[in-house]
Amino acid sequence: MRVYVPLTLPGLAQAHRAGELGPGPLTAYAVTPALREWYVSDDIEELEYAALNRAAAASLRLLAGDPKAARRRVVVAVDVPDGAATVDPDAGLDPSSLGEVRIPGPVPLGKAAAVHADADDAEADVSAAADALGAADQGDDDAQFTVDGAEDHELLWFGVQEIPQLIG
């Protein structure tokens with residue numbers, strides 16, 4: 001099963017040093033029944049892209065909580081055994097947790113398929129979005145527009161062997 005783990009660049013650096021994503025439990029995003037129902041598609045690539053975007057939004061929340069982190073969203077795509085990621089049955093009722101899964105323990109970084117991260121030119125918009133997130137959560141339409149601006153930037157694909165250059 002492919003899951004998408006939201007991180008920040010400091011979190012990616014820590015995972016690289018430790019050789020694993022963790023400790024658990026880890027919050028990740030995957031193609032869940034609720035995500036399938038919400039996205040209304042049978043195309044697995046589209047569904048995985050939706051899960052990746054959910055993880056990117058979670059990465060933005062991590063950035064909002066860590067003002068010293070470089071303002072780039074980071075998501076690690078990891079393959080875990082079926083059944084290793086579980087869905088909270090009550091979470092399916094909450095639109096903000098669509099696609100959210102829990103992994104009980106650490107995951108070896110060697111299981112990562114790829115890293116997705118913002119390009120350098122996204123930093124200004126991602127920074128503004130992280131700063132506006134609290135106001136957007138409170139219903140401020142202008143702040144939500146700023147948060148949505150980060151979504152205009154596609155995450156780039158990086159091979160796992162490129163992690164040292166990303167965190168360098």
# chains A, B, ... in the order shown; residues from 1 in each chain; ligands from 1
>>> select_by_dssp(residues="range 1-166 of chain A", states="strand (DSSP E or B)", output="number ranges by chain")
A: 2-7, 20-21, 26-29, 74-79, 86, 100-103, 107-108, 112-117, 156-158
>>> write_last_selection(atoms="N, CA and C atoms", output="mmCIF file, in the first residue's frame")
data_model
loop_
_atom_site.group_PDB
_atom_site.id
_atom_site.type_symbol
_atom_site.label_atom_id
_atom_site.label_comp_id
_atom_site.auth_asym_id
_atom_site.auth_seq_id
_atom_site.Cartn_x
_atom_site.Cartn_y
_atom_site.Cartn_z
ATOM 1 N N ARG A 2 0.579 2.177 -0.850
ATOM 2 C CA ARG A 2 1.335 3.431 -0.904
ATOM 3 C C ARG A 2 0.698 4.436 0.047
ATOM 4 N N VAL A 3 1.503 5.005 0.931
ATOM 5 C CA VAL A 3 1.048 6.056 1.838
ATOM 6 C C VAL A 3 1.940 7.272 1.660
ATOM 7 N N TYR A 4 1.412 8.415 2.021
ATOM 8 C CA TYR A 4 2.106 9.680 1.857
ATOM 9 C C TYR A 4 2.258 10.324 3.232
ATOM 10 N N VAL A 5 3.506 10.465 3.665
ATOM 11 C CA VAL A 5 3.808 10.967 5.002
ATOM 12 C C VAL A 5 4.204 12.442 4.907
ATOM 13 N N PRO A 6 3.438 13.336 5.533
ATOM 14 C CA PRO A 6 3.788 14.755 5.504
ATOM 15 C C PRO A 6 4.944 15.057 6.450
ATOM 16 N N LEU A 7 5.877 15.884 5.971
ATOM 17 C CA LEU A 7 7.032 16.290 6.776
ATOM 18 C C LEU A 7 7.362 17.741 6.483
ATOM 19 N N GLU A 20 14.902 6.219 9.252
ATOM 20 C CA GLU A 20 13.502 5.821 9.338
ATOM 21 C C GLU A 20 12.604 7.025 9.566
ATOM 22 N N LEU A 21 11.356 6.855 9.177
ATOM 23 C CA LEU A 21 10.316 7.828 9.498
ATOM 24 C C LEU A 21 9.706 7.363 10.807
ATOM 25 N N LEU A 26 2.633 7.176 13.139
ATOM 26 C CA LEU A 26 2.764 8.174 12.088
ATOM 27 C C LEU A 26 1.396 8.463 11.483
ATOM 28 N N THR A 27 1.158 9.727 11.189
ATOM 29 C CA THR A 27 -0.021 10.099 10.425
ATOM 30 C C THR A 27 0.404 10.181 8.974
ATOM 31 N N ALA A 28 -0.352 9.546 8.110
ATOM 32 C CA ALA A 28 -0.062 9.558 6.686
ATOM 33 C C ALA A 28 -1.390 9.644 5.943
ATOM 34 N N TYR A 29 -1.308 9.686 4.636
ATOM 35 C CA TYR A 29 -2.505 9.767 3.797
ATOM 36 C C TYR A 29 -2.412 8.704 2.724
ATOM 37 N N VAL A 74 6.881 19.097 2.245
ATOM 38 C CA VAL A 74 7.595 17.853 1.940
ATOM 39 C C VAL A 74 6.667 16.683 2.237
ATOM 40 N N VAL A 75 6.612 15.744 1.306
ATOM 41 C CA VAL A 75 5.825 14.529 1.482
ATOM 42 C C VAL A 75 6.682 13.355 1.020
ATOM 43 N N VAL A 76 6.758 12.325 1.848
ATOM 44 C CA VAL A 76 7.493 11.120 1.483
ATOM 45 C C VAL A 76 6.481 10.034 1.123
ATOM 46 N N ALA A 77 6.619 9.497 -0.086
ATOM 47 C CA ALA A 77 5.776 8.391 -0.531
ATOM 48 C C ALA A 77 6.448 7.097 -0.098
ATOM 49 N N VAL A 78 5.725 6.297 0.672
ATOM 50 C CA VAL A 78 6.287 5.077 1.260
ATOM 51 C C VAL A 78 5.364 3.900 0.950
ATOM 52 N N ASP A 79 5.973 2.770 0.663
ATOM 53 C CA ASP A 79 5.201 1.545 0.474
ATOM 54 C C ASP A 79 5.254 0.739 1.761
ATOM 55 N N THR A 86 -3.846 1.936 9.130
ATOM 56 C CA THR A 86 -5.254 1.762 9.497
ATOM 57 C C THR A 86 -5.977 3.097 9.481
ATOM 58 N N GLU A 100 -6.785 10.085 5.701
ATOM 59 C CA GLU A 100 -5.830 9.974 6.803
ATOM 60 C C GLU A 100 -5.759 8.540 7.314
ATOM 61 N N VAL A 101 -4.529 8.076 7.515
ATOM 62 C CA VAL A 101 -4.291 6.742 8.072
ATOM 63 C C VAL A 101 -3.229 6.849 9.156
ATOM 64 N N ARG A 102 -3.156 5.827 9.987
ATOM 65 C CA ARG A 102 -2.146 5.751 11.045
ATOM 66 C C ARG A 102 -1.268 4.530 10.799
ATOM 67 N N ILE A 103 0.017 4.734 10.988
ATOM 68 C CA ILE A 103 0.982 3.646 10.922
ATOM 69 C C ILE A 103 1.537 3.516 12.332
ATOM 70 N N VAL A 107 8.856 3.597 10.087
ATOM 71 C CA VAL A 107 8.963 2.971 8.767
ATOM 72 C C VAL A 107 10.378 3.218 8.257
ATOM 73 N N PRO A 108 11.095 2.164 7.879
ATOM 74 C CA PRO A 108 12.450 2.370 7.338
ATOM 75 C C PRO A 108 12.420 3.276 6.116
ATOM 76 N N ALA A 112 10.854 4.000 1.243
ATOM 77 C CA ALA A 112 10.353 5.179 0.522
ATOM 78 C C ALA A 112 10.518 4.980 -0.977
ATOM 79 N N ALA A 113 9.485 5.366 -1.706
ATOM 80 C CA ALA A 113 9.509 5.283 -3.167
ATOM 81 C C ALA A 113 9.989 6.599 -3.766
ATOM 82 N N ALA A 114 9.667 7.713 -3.099
ATOM 83 C CA ALA A 114 10.020 9.037 -3.621
ATOM 84 C C ALA A 114 9.788 10.077 -2.544
ATOM 85 N N VAL A 115 10.340 11.248 -2.799
ATOM 86 C CA VAL A 115 10.088 12.417 -1.967
ATOM 87 C C VAL A 115 9.475 13.472 -2.876
ATOM 88 N N HIS A 116 8.443 14.121 -2.390
ATOM 89 C CA HIS A 116 7.805 15.215 -3.123
ATOM 90 C C HIS A 116 8.028 16.479 -2.305
ATOM 91 N N ALA A 117 8.480 17.532 -2.952
ATOM 92 C CA ALA A 117 8.757 18.783 -2.224
ATOM 93 C C ALA A 117 8.529 19.974 -3.134
ATOM 94 N N LEU A 156 7.342 18.818 -6.536
ATOM 95 C CA LEU A 156 8.261 18.160 -7.457
ATOM 96 C C LEU A 156 8.590 16.769 -6.946
ATOM 97 N N TRP A 157 8.966 15.884 -7.869
ATOM 98 C CA TRP A 157 9.327 14.511 -7.535
ATOM 99 C C TRP A 157 10.840 14.424 -7.390
ATOM 100 N N PHE A 158 11.298 13.792 -6.321
ATOM 101 C CA PHE A 158 12.722 13.561 -6.102
ATOM 102 C C PHE A 158 12.918 12.092 -5.749
#
>>> closest_atom_pairs(of="range 32-108 of chain A", to="range 126-140 of chain A", cutoff="7 Å", atoms="only C-alpha atoms", output="tab-separated table")
residue	atom	partner	partner_atom	distance
A:Leu60	CA	A:Ala130	CA	6.0
A:Arg61	CA	A:Ala130	CA	6.8
A:Leu63	CA	A:Ala130	CA	6.2
A:Ala64	CA	A:Ala130	CA	4.6
A:Arg71	CA	A:Ser127	CA	5.3
A:Arg72	CA	A:Val126	CA	6.5
>>> closest_residue(among="A:Asn53, A:Ser59, A:Gln161, A:Ser97", to="Pro10 in chain A", atoms="only C-alpha atoms")
A:Ser59
>>> select_by_dssp(residues="range 10-61 of chain A", states="alpha helix (DSSP H)", output="VMD selection string")
chain A and resid 10 to 18 33 to 39 44 to 61
>>> atom_distance(atom1="CA of Arg54 in chain A", atom2="CA of Asp88 in chain A")
16.1 Å
>>> atom_distance(atom1="CA of Trp38 in chain A", atom2="CA of Leu98 in chain A")
8.0 Å
>>> closest_residue(among="A:Thr146, A:Gln14, A:Thr32, A:Ser96", to="Leu109 in chain A", atoms="only C-alpha atoms")
A:Gln14
>>> closest_residue(among="A:Ala51, A:Val40, A:Ile163, A:Ala70", to="Leu9 in chain A", atoms="only C-alpha atoms")
A:Ala70
>>> residues_around(residues="Glu45 in chain A", least_positions_apart="5", cutoff="12 Å", atoms="only C-alpha atoms", output="VMD selection string")
chain A and resid 2 30 to 31 36 39 50 to 52
>>> atom_distance(atom1="CA of Gly168 in chain A", atom2="CA of Gly110 in chain A")
19.2 Å
>>> closest_residue(among="A:Pro25, A:Ala69, A:Ala18, A:Ala143", to="Pro104 in chain A", atoms="only C-alpha atoms")
A:Pro25
